[in-house]
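Content type mmCIF, C-alpha atoms, from the file input_25.cif:
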data_data
loop_
_atom_site.label_atom_id
_atom_site.label_comp_id
_atom_site.auth_asym_id
_atom_site.auth_seq_id
_atom_site.Cartn_x
_atom_site.Cartn_y
_atom_site.Cartn_z
CA MET A 1 0.00 0.00 0.00
CA ASN A 2 2.92 2.36 0.62
CA ALA A 3 4.11 1.97 -2.96
CA LEU A 4 0.55 2.48 -4.21
CA ALA A 5 0.19 5.63 -2.13
CA ILE A 6 3.47 7.05 -3.44
CA ILE A 7 2.70 6.26 -7.08
CA GLY A 8 -0.83 7.55 -6.71
CA GLY A 9 0.45 10.75 -5.15
CA VAL A 10 2.91 11.27 -8.00
CA MET A 11 0.16 10.68 -10.54
CA ILE A 12 -2.12 13.23 -8.88
CA LEU A 13 0.70 15.79 -8.61
CA LEU A 14 1.51 15.37 -12.29
CA ALA A 15 -2.18 15.76 -13.16
CA PHE A 16 -2.26 19.01 -11.17
CA LEU A 17 0.85 20.38 -12.91
CA TYR A 18 -0.43 19.26 -16.31
CA ALA A 19 -3.71 21.09 -15.68
CA ILE A 20 -1.82 24.28 -14.79
CA ILE A 21 0.11 24.04 -18.07
CA LEU A 22 -3.03 23.51 -20.16
CA LEU A 23 -4.97 26.27 -18.41
CA GLY A 24 -1.99 28.60 -18.82
CA ALA A 25 -1.90 27.97 -22.56
CA LEU A 26 -5.67 28.39 -22.80
CA SER A 27 -5.47 31.78 -21.09
CA GLY A 28 -3.19 32.97 -23.89
CA MET A 29 -5.68 32.02 -26.59
CA SER A 30 -7.86 34.53 -28.42
CA LEU A 31 -10.23 34.50 -31.35
CA PRO A 32 -8.38 34.66 -34.69
CA ALA A 33 -8.42 38.09 -36.29
CA SER A 34 -6.48 39.87 -38.97
CA LEU A 35 -4.20 42.67 -37.84
CA PRO A 36 -4.58 46.14 -39.38
CA SER A 37 -1.67 47.67 -41.25
CA GLY A 38 0.18 50.54 -39.66
CA PRO A 39 -0.60 53.67 -41.73
CA GLY A 40 2.36 55.22 -43.48
CA LEU A 41 4.84 52.49 -42.50
CA PRO A 42 7.17 51.28 -45.24
CA ASP A 43 6.72 47.86 -46.77
CA PRO A 44 9.78 45.76 -45.83
CA PHE A 45 11.65 43.66 -48.35
CA VAL A 46 11.01 39.99 -47.56
CA SER A 47 13.32 37.04 -48.15
CA VAL A 48 11.52 33.69 -48.22
CA ILE A 49 13.99 30.89 -47.50
CA ILE A 50 13.27 27.26 -48.35
CA PRO A 51 15.92 24.70 -47.32
CA VAL A 52 15.81 21.63 -49.55
CA ARG A 53 17.32 18.18 -49.63
CA ASN A 54 15.96 15.62 -52.09
CA GLU A 55 12.64 17.45 -52.58
CA GLU A 56 12.23 16.86 -56.32
CA GLU A 57 8.69 15.54 -55.94
CA ARG A 58 7.37 18.23 -53.59
CA ILE A 59 9.11 21.55 -54.22
CA ILE A 60 7.09 22.60 -57.29
CA GLU A 61 3.75 22.65 -55.46
CA CYS A 62 5.32 24.83 -52.78
CA LEU A 63 6.70 27.27 -55.34
CA GLU A 64 3.37 27.46 -57.16
CA SER A 65 1.73 28.63 -53.93
CA LEU A 66 4.33 31.40 -53.66
CA ILE A 67 3.62 32.77 -57.14
CA SER A 68 0.10 33.74 -56.10
CA GLN A 69 1.16 35.85 -53.08
CA ASP A 70 -0.62 39.21 -52.93
CA TYR A 71 2.33 41.06 -51.39
CA LEU A 72 4.32 43.44 -53.60
CA SER A 73 6.21 41.24 -56.06
CA ASP A 74 9.17 43.63 -56.22
CA LYS A 75 9.64 43.28 -52.47
CA ILE A 76 9.88 39.47 -52.36
CA GLU A 77 12.79 37.20 -53.13
CA VAL A 78 12.83 33.43 -52.80
CA LEU A 79 16.03 31.69 -51.79
CA ILE A 80 16.27 27.94 -52.36
CA THR A 81 19.14 26.77 -50.18
CA ASP A 82 20.33 23.28 -51.05
CA ASP A 83 21.59 20.83 -48.44
CA PHE A 84 23.51 18.69 -50.96
CA SER A 85 20.51 17.09 -52.67
CA GLU A 86 21.15 13.80 -54.43
CA ASP A 87 18.17 13.92 -56.78
CA ARG A 88 16.95 16.43 -59.39
CA THR A 89 15.64 19.04 -56.95
CA LEU A 90 17.75 21.90 -58.29
CA GLU A 91 16.98 21.02 -61.90
CA ALA A 92 13.26 21.17 -61.08
CA VAL A 93 13.71 24.53 -59.32
CA ASN A 94 15.72 25.98 -62.23
CA SER A 95 13.11 24.85 -64.73
CA PHE A 96 10.30 26.33 -62.66
CA PHE A 97 11.87 29.76 -62.37
CA GLN A 98 12.76 29.86 -66.04
CA ASN A 99 9.03 29.53 -66.71
CA HIS A 100 8.17 32.15 -64.06
CA PRO A 101 10.68 35.00 -64.51
CA GLN A 102 8.47 37.39 -62.50
CA MET A 103 9.75 35.81 -59.29
CA GLN A 104 13.09 36.89 -57.88
CA CYS A 105 14.91 33.67 -57.07
CA ILE A 106 18.35 32.80 -55.76
CA ILE A 107 19.70 29.28 -55.51
CA VAL A 108 22.21 28.87 -52.69
CA LYS A 109 24.57 25.90 -52.73
CA GLY A 110 27.01 24.56 -50.18
CA GLU A 111 30.65 24.08 -51.01
CA PRO A 112 31.34 20.40 -51.77
CA GLY A 113 33.77 18.69 -49.45
CA LYS A 114 33.19 21.01 -46.48
CA ARG A 115 31.82 18.94 -43.60
CA GLU A 116 30.78 22.01 -41.60
CA GLY A 117 28.51 23.06 -44.46
CA VAL A 118 26.30 19.97 -44.16
CA GLY A 119 22.89 20.12 -42.52
CA LYS A 120 19.81 22.31 -42.41
CA LYS A 121 21.31 24.89 -40.05
CA SER A 122 24.24 25.45 -42.39
CA ALA A 123 21.91 25.68 -45.38
CA LEU A 124 19.77 28.27 -43.60
CA THR A 125 22.80 30.29 -42.49
CA ARG A 126 24.15 30.44 -46.06
CA ALA A 127 20.80 31.69 -47.29
CA VAL A 128 20.33 34.34 -44.59
CA GLU A 129 23.79 35.70 -45.35
CA LYS A 130 22.81 36.16 -49.01
CA ALA A 131 19.30 37.45 -48.29
CA SER A 132 18.47 41.08 -49.03
CA GLY A 133 15.32 41.24 -46.91
CA THR A 134 14.75 43.00 -43.62
CA LEU A 135 12.45 40.11 -42.78
CA ILE A 136 13.33 36.45 -43.16
CA ILE A 137 10.45 34.01 -43.58
CA THR A 138 11.31 30.31 -43.57
CA THR A 139 9.15 27.48 -44.81
CA ASP A 140 9.57 23.88 -45.95
CA ALA A 141 9.51 22.34 -49.39
CA ASP A 142 6.44 20.21 -48.62
CA THR A 143 4.19 23.13 -47.63
CA ARG A 144 1.45 25.15 -49.31
CA HIS A 145 0.55 28.81 -48.68
CA ASP A 146 -2.53 30.96 -49.16
CA PRO A 147 -2.15 34.19 -51.19
CA GLY A 148 -2.18 36.37 -48.07
CA TRP A 149 0.60 34.49 -46.26
CA ILE A 150 3.43 37.00 -46.66
CA SER A 151 1.10 40.02 -46.33
CA SER A 152 -0.19 38.65 -43.04
CA MET A 153 3.32 38.25 -41.64
CA VAL A 154 4.26 41.77 -42.74
CA ARG A 155 1.13 43.29 -41.17
CA CYS A 156 1.93 41.62 -37.88
CA TYR A 157 5.51 42.84 -38.00
CA ARG A 158 4.55 46.43 -38.80
CA GLU A 159 1.86 46.48 -36.12
CA THR A 160 3.87 44.91 -33.29
CA GLY A 161 7.57 45.39 -34.10
CA VAL A 162 8.39 41.98 -32.64
CA LYS A 163 11.63 40.18 -33.45
CA MET A 164 10.06 36.82 -34.29
CA ILE A 165 6.60 35.76 -35.52
CA LEU A 166 5.39 32.19 -35.10
CA GLY A 167 3.07 31.27 -37.94
CA PRO A 168 0.33 28.64 -37.70
CA VAL A 169 1.04 25.24 -39.28
CA MET A 170 -1.51 22.51 -39.85
CA PHE A 171 -1.99 19.24 -41.68
CA ALA A 172 -4.32 19.06 -44.66
CA GLY A 173 -5.77 16.30 -46.81
CA GLU A 174 -6.25 13.59 -44.19
CA ASN A 175 -7.10 10.48 -46.19
CA HIS A 176 -7.34 7.84 -43.48
CA LEU A 177 -7.73 7.40 -39.73
CA PHE A 178 -4.04 7.51 -38.85
CA GLN A 179 -3.68 10.91 -40.52
CA LYS A 180 -6.78 12.21 -38.72
CA LEU A 181 -5.26 11.17 -35.39
CA GLN A 182 -2.06 13.05 -36.26
CA THR A 183 -4.01 16.20 -37.04
CA LEU A 184 -5.94 16.12 -33.76
CA GLU A 185 -2.73 15.55 -31.81
CA PHE A 186 -1.02 18.41 -33.65
CA LEU A 187 -3.88 20.78 -32.81
CA GLY A 188 -2.80 20.46 -29.18
CA VAL A 189 0.81 21.22 -30.12
CA MET A 190 -0.31 24.36 -31.95
CA GLY A 191 -2.45 25.35 -28.97
CA LEU A 192 0.52 25.21 -26.61
CA THR A 193 2.63 27.10 -29.16
CA ALA A 194 0.05 29.86 -29.55
CA GLY A 195 -1.05 30.18 -25.94
CA PHE A 196 2.35 30.45 -24.32
CA ALA A 197 3.78 32.70 -27.03
CA ASN A 198 1.01 35.23 -26.54
CA LEU A 199 1.45 35.03 -22.77
CA GLY A 200 5.01 36.19 -23.30
CA HIS A 201 6.50 32.75 -22.56
CA PRO A 202 7.10 31.13 -25.97
CA VAL A 203 8.19 27.51 -25.74
CA MET A 204 7.73 26.07 -29.24
CA CYS A 205 7.79 27.07 -32.88
CA ASN A 206 7.83 25.47 -36.32
CA GLY A 207 10.37 26.27 -39.03
CA ALA A 208 7.73 25.55 -41.67
CA ASN A 209 6.20 28.95 -40.86
CA LEU A 210 8.61 31.24 -39.07
CA CYS A 211 9.44 34.93 -39.51
CA TYR A 212 12.25 36.91 -37.90
CA GLU A 213 14.40 39.98 -38.43
CA LYS A 214 17.62 39.34 -40.28
CA GLU A 215 19.44 41.64 -37.87
CA ALA A 216 18.11 39.72 -34.87
CA PHE A 217 19.40 36.48 -36.38
CA ARG A 218 22.88 38.00 -36.55
CA GLU A 219 22.75 39.59 -33.11
CA VAL A 220 21.91 36.34 -31.32
CA GLY A 221 24.80 34.52 -32.98
CA LYS A 222 22.87 32.59 -35.64
CA PHE A 223 22.87 28.85 -34.80
CA GLU A 224 26.25 28.88 -33.09
CA GLY A 225 26.49 26.42 -30.22
CA ASN A 226 23.82 24.03 -31.54
CA GLU A 227 25.49 22.74 -34.68
CA ARG A 228 25.80 19.17 -33.39
CA TYR A 229 22.01 18.72 -33.38
CA VAL A 230 20.68 17.78 -36.81
CA SER A 231 17.25 19.32 -36.21
CA GLY A 232 16.09 22.12 -33.94
CA ASP A 233 17.11 25.14 -36.00
CA ASP A 234 13.75 26.77 -35.24
CA GLN A 235 13.62 25.85 -31.55
CA PHE A 236 17.18 26.90 -30.73
CA LEU A 237 16.75 30.21 -32.56
CA LEU A 238 13.55 30.91 -30.63
CA TRP A 239 15.40 30.33 -27.34
CA LYS A 240 18.23 32.67 -28.35
CA ILE A 241 15.85 35.47 -29.35
CA LYS A 242 13.80 34.95 -26.19
CA ARG A 243 16.94 35.11 -24.04
CA LYS A 244 18.26 38.29 -25.69
CA TYR A 245 15.09 40.30 -26.29
CA GLY A 246 12.60 38.75 -23.88
CA GLY A 247 9.47 36.64 -24.38
CA ARG A 248 7.39 39.64 -25.48
CA SER A 249 9.59 40.00 -28.56
CA ILE A 250 7.97 36.83 -29.96
CA ARG A 251 4.36 36.50 -31.06
CA PHE A 252 2.08 33.85 -32.47
CA LEU A 253 0.06 35.11 -35.43
CA TYR A 254 -3.68 34.38 -35.18
CA ASP A 255 -4.62 34.93 -38.79
CA ARG A 256 -6.08 32.32 -41.12
CA ASP A 257 -4.29 33.97 -44.04
CA ALA A 258 -1.01 33.03 -42.36
CA ILE A 259 -1.74 29.31 -42.14
CA VAL A 260 0.79 27.04 -43.82
CA THR A 261 -0.36 23.51 -44.60
CA THR A 262 1.54 20.30 -45.10
CA SER A 263 0.63 16.63 -45.34
CA PRO A 264 0.56 14.27 -42.34
CA GLU A 265 2.76 11.20 -42.41
CA GLN A 266 1.41 8.26 -44.36
CA ASP A 267 2.20 5.45 -41.93
CA PRO A 268 3.25 4.82 -38.30
CA GLY A 269 6.87 4.15 -39.27
CA SER A 270 7.43 7.52 -40.91
CA PHE A 271 5.50 9.24 -38.13
CA PHE A 272 7.66 7.76 -35.38
CA ARG A 273 10.86 8.54 -37.27
CA GLN A 274 9.71 12.16 -37.55
CA ARG A 275 8.87 12.42 -33.84
CA LEU A 276 12.06 10.69 -32.75
CA ARG A 277 14.00 13.25 -34.77
CA TRP A 278 12.07 16.09 -33.12
CA ILE A 279 12.58 14.70 -29.62
CA SER A 280 16.29 13.97 -30.12
CA LYS A 281 17.13 17.69 -30.15
CA SER A 282 15.68 18.12 -26.65
CA ARG A 283 18.99 17.14 -25.06
CA GLY A 284 20.25 20.54 -26.19
CA TYR A 285 17.45 22.57 -24.55
CA ARG A 286 18.44 25.10 -21.87
CA ASP A 287 15.13 26.97 -21.44
CA TRP A 288 13.65 25.96 -18.07
CA GLU A 289 10.09 26.67 -19.26
CA VAL A 290 10.50 24.30 -22.19
CA LEU A 291 12.10 21.65 -19.98
CA PHE A 292 9.39 21.94 -17.32
CA ILE A 293 6.48 21.71 -19.78
CA GLY A 294 8.13 18.87 -21.68
CA ALA A 295 8.96 16.90 -18.53
CA VAL A 296 5.50 17.25 -16.98
CA SER A 297 3.71 16.42 -20.24
CA TYR A 298 5.86 13.36 -20.83
CA LEU A 299 5.79 12.02 -17.27
CA TYR A 300 2.04 12.50 -16.96
CA GLN A 301 1.32 10.53 -20.11
CA ALA A 302 3.97 7.92 -19.33
CA MET A 303 2.39 7.34 -15.90
CA ILE A 304 -1.01 6.81 -17.51
CA PHE A 305 0.53 4.32 -19.93
CA ALA A 306 2.39 2.51 -17.14
CA GLY A 307 -0.74 2.45 -14.98
CA PHE A 308 -2.49 0.11 -17.39
CA PHE A 309 0.34 -2.43 -17.02
CA LEU A 310 0.60 -1.94 -13.26
CA GLY A 311 -3.07 -2.82 -13.17
CA PHE A 312 -2.01 -6.47 -13.38
CA LEU A 313 -0.44 -6.03 -9.94
CA SER A 314 -3.34 -4.15 -8.41
CA PRO A 315 -6.63 -2.97 -9.92
CA LEU A 316 -6.16 0.33 -8.06
CA TYR A 317 -3.37 1.27 -10.49
CA LEU A 318 -5.75 0.63 -13.35
CA TYR A 319 -8.44 2.79 -11.76
CA LEU A 320 -5.90 5.59 -11.30
CA ALA A 321 -4.73 5.33 -14.92
CA VAL A 322 -8.28 5.42 -16.27
CA SER A 323 -9.14 8.39 -14.04
CA LEU A 324 -6.08 10.35 -15.15
CA LEU A 325 -6.77 9.53 -18.81
CA CYS A 326 -10.33 10.82 -18.47
CA PHE A 327 -8.98 13.94 -16.75
CA LYS A 328 -6.56 14.48 -19.66
CA ILE A 329 -9.35 14.09 -22.20
CA LEU A 330 -11.39 16.74 -20.40
CA ILE A 331 -8.57 19.22 -19.69
CA ASP A 332 -7.20 19.02 -23.26
CA PHE A 333 -10.58 19.59 -24.87
CA PRO A 334 -10.93 23.42 -24.61
CA LEU A 335 -7.45 23.99 -26.05
CA VAL A 336 -7.90 21.51 -28.90
CA PHE A 337 -11.41 22.79 -29.58
CA SER A 338 -10.19 26.38 -29.87
CA MET A 339 -7.49 25.42 -32.36
CA ALA A 340 -9.84 23.13 -34.30
CA ARG A 341 -12.17 26.10 -34.77
CA PHE A 342 -9.27 28.30 -35.90
CA PHE A 343 -8.00 25.71 -38.41
CA ARG A 344 -11.57 24.62 -39.33
CA LYS A 345 -11.00 21.01 -38.36
CA GLN A 346 -14.24 20.45 -36.43
CA LYS A 347 -15.16 17.54 -38.71
CA LEU A 348 -12.49 15.46 -36.96
CA TRP A 349 -14.24 15.54 -33.56
CA PRO A 350 -15.54 11.93 -33.74
CA TRP A 351 -11.90 10.84 -33.46
CA TYR A 352 -10.95 13.04 -30.50
CA ILE A 353 -10.90 10.28 -27.84
CA PRO A 354 -9.00 7.79 -30.08
CA ALA A 355 -6.49 10.59 -30.76
CA GLN A 356 -6.00 11.04 -27.01
CA LEU A 357 -5.26 7.32 -26.60
CA PHE A 358 -2.92 7.45 -29.58
CA GLN A 359 -1.06 10.41 -28.06
CA VAL A 360 -0.54 8.73 -24.68
CA ILE A 361 0.84 5.59 -26.30
CA TYR A 362 3.19 7.25 -28.77
CA VAL A 363 4.49 9.84 -26.29
CA ALA A 364 5.24 7.21 -23.65
CA ILE A 365 7.08 4.99 -26.12
CA SER A 366 8.90 7.58 -28.20
CA GLY A 367 10.40 9.48 -25.23
CA PRO A 368 13.08 6.94 -24.28
CA MET A 369 13.42 5.63 -27.85
CA ALA A 370 14.60 9.03 -29.08
CA PHE A 371 17.72 8.70 -26.91
CA LEU A 372 18.41 5.05 -27.72
CA ILE A 373 17.63 4.50 -31.40
CA PRO A 374 19.55 6.26 -34.19
CA VAL A 375 17.30 7.75 -36.84
CA LYS A 376 17.96 8.31 -40.51
CA TRP A 377 16.63 11.44 -42.22
CA LYS A 378 17.05 12.22 -45.90
CA GLY A 379 19.70 9.51 -46.17
CA ARG A 380 21.70 10.71 -43.16
CA ARG A 381 21.97 9.17 -39.74
CA VAL A 382 20.69 11.42 -36.96
#
Entire entry expressed as structure tokens:
Amino acid sequence: MNALAIIGGVMILLAFLYAIILLGALSGMSLPASLPSGPGLPDPFVSVIIPVRNEEERIIECLESLISQDYLSDKIEVLITDDFSEDRTLEAVNSFFQNHPQMQCIIVKGEPGKREGVGKKSALTRAVEKASGTLIITTDADTRHDPGWISSMVRCYRETGVKMILGPVMFAGENHLFQKLQTLEFLGVMGLTAGFANLGHPVMCNGANLCYEKEAFREVGKFEGNERYVSGDDQFLLWKIKRKYGGRSIRFLYDRDAIVTTSPEQDPGSFFRQRLRWISKSRGYRDWEVLFIGAVSYLYQAMIFAGFFLGFLSPLYLYLAVSLLCFKILIDFPLVFSMARFFRKQKLWPWYIPAQLFQVIYVAISGPMAFLIPVKWKGRRV
């Protein structure tokens, strides 16, 4: 009974801390609304940077969505920065821009044979150094953008003067149940991103839709100090800007025009490889807010998962696990509901409870796996 009391107490404490985190994020939420432009302010030159590696099959759709942007065409440049692709990505990009000369495009290549030039962070750094824009907007090769994407980012920048803008990212085109579960789980991730950023305590961001001042990138030392981590360019940069300028210098943009969409993973294998890659960078985190939220969220869900197995020892463990799972389903709902309304994903509600079960299982398993199993990404070992 002593062991049961201790484990039960830990579970309840974690549930309490988890509820504080979710309610904190919810307090930072607001209804989505477009921001007005500041009258008389100059329109900044914008450099859109797309890092690519073996994106031959996906890059064209991304570029087509950039052609239709309603921002001033003479104040946009697109930089394709290549991370030593081994397919015909650059040939596809060259052909596309030859057929669309109205777009200002620069292709940035790494120097062959230089080991320090390998990786996404190096590719991004090369592109920022060549960029002419006051504002840098990064996105991924597998994304699509509405016509008002750049204009929305610029309006937010002119209205607020922040150093970094976190844009909304969401999955689109869910074709089967596994993809619907991913979308519902990712709504919660976006909710935490949005809520804490607008509270002045940003903890997460996504490089698929990220805007920052070029000068701020230089002043914080670029990606120096985090080169050994294959991923995390967005997260480490957020931490550096937060540390130098404060949490209020970063804002999440609640504007449907700013939404960037991508496709969910097709199968559990590719999904877990993606999440293991994301989690693996966490060993480099130094922000106590990020560490606290990550630790509580993981431990809470891991305890629920473990409780179902401990139920073989005593049914009380099982009762505790079921109770905490039901509590999670209830406490997550307002945050997920708010983001589902923003992204117009209400049609996925029938799968909300299965998505909660899916999240508990994958989080509990993937946490330790990320530190034990090497992952390959784009032909490289992570």
(request) Name the residues that the PyMOL selection byres ((chain A and resi 29) around 8) picks from the file above, as a PyMOL selection string, using the file's chain letters and numbers. (result) chain A and resi 25-28+30-31+191+194-195+198+338
(message) What's around region 348-360 of chain A at 7 Å? Count all atoms listed in the file, leave out sequence neighbours fewer than 2 positions away in its own chain, and write the answer as a ChimeraX atom specification.
(response) /A:180-181,184-185,301,305,329,345-346,362-364
Output check: residues returned by the PyMOL selection byres ((chain A and resi 225) around 12), as a JSON list (two decimals) with C-alpha atoms, in the frame of the given file:
[["chain", "number", "residue", "atom", "x", "y", "z"],
["A", 121, "LYS", "CA", 21.31, 24.89, -40.05],
["A", 220, "VAL", "CA", 21.91, 36.34, -31.32],
["A", 221, "GLY", "CA", 24.80, 34.52, -32.98],
["A", 222, "LYS", "CA", 22.87, 32.59, -35.64],
["A", 223, "PHE", "CA", 22.87, 28.85, -34.80],
["A", 224, "GLU", "CA", 26.25, 28.88, -33.09],
["A", 226, "ASN", "CA", 23.82, 24.03, -31.54],
["A", 227, "GLU", "CA", 25.49, 22.74, -34.68],
["A", 228, "ARG", "CA", 25.80, 19.17, -33.39],
["A", 229, "TYR", "CA", 22.01, 18.72, -33.38],
["A", 232, "GLY", "CA", 16.09, 22.12, -33.94],
["A", 233, "ASP", "CA", 17.11, 25.14, -36.00],
["A", 236, "PHE", "CA", 17.18, 26.90, -30.73],
["A", 237, "LEU", "CA", 16.75, 30.21, -32.56],
["A", 240, "LYS", "CA", 18.23, 32.67, -28.35],
["A", 284, "GLY", "CA", 20.25, 20.54, -26.19],
["A", 285, "TYR", "CA", 17.45, 22.57, -24.55],
["A", 286, "ARG", "CA", 18.44, 25.10, -21.87]]
(request) One decimal, Å: what's the distance from CA of Glu86 (chain A) over to CA of Asn54 (chain A), could you say? (result) 6.0 Å
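The residue that comes closest to Ser270 (chain A), out of A:Gln235, A:Thr134, A:Ser282, A:Gln179 and on the basis of all atoms listed in the file, is A:Gln179.
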(message) Here's a test: counting only C-alpha atoms, identify every protein, DNA and RNA residue with an atom at most 7 Å from (0.0, 34.3, -52.0) in the file's coordinate frame, and state them as number ranges by chain.
(response) A: 65-70, 145-150
(message) I need the output of the PyMOL selection byres ((chain A and resi 369-371) around 7) for this file as a list in words; which residues are they?
(response) Leu276, Ile279, Ser280, Ile365, Ser366, Gly367, Pro368, Leu372 and Ile373 of chain A
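If you measure from each of A:Lys130, A:Arg251, A:Arg158, A:Arg58 to Pro44 (chain A) using all atoms listed in the file, the closest one turns out to be A:Arg158.
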(message) As an exercise, work out the distance from CA of Leu192 (chain A) to CA of Ala321 (chain A) in Å and give it to one decimal place.
(response) 23.7 Å
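Minimum atom-to-atom distance to Phe342 (chain A), evaluated using only C-alpha atoms, belongs to A:Pro168 out of A:Gly24, A:Gly110, A:Pro168, A:Pro42.
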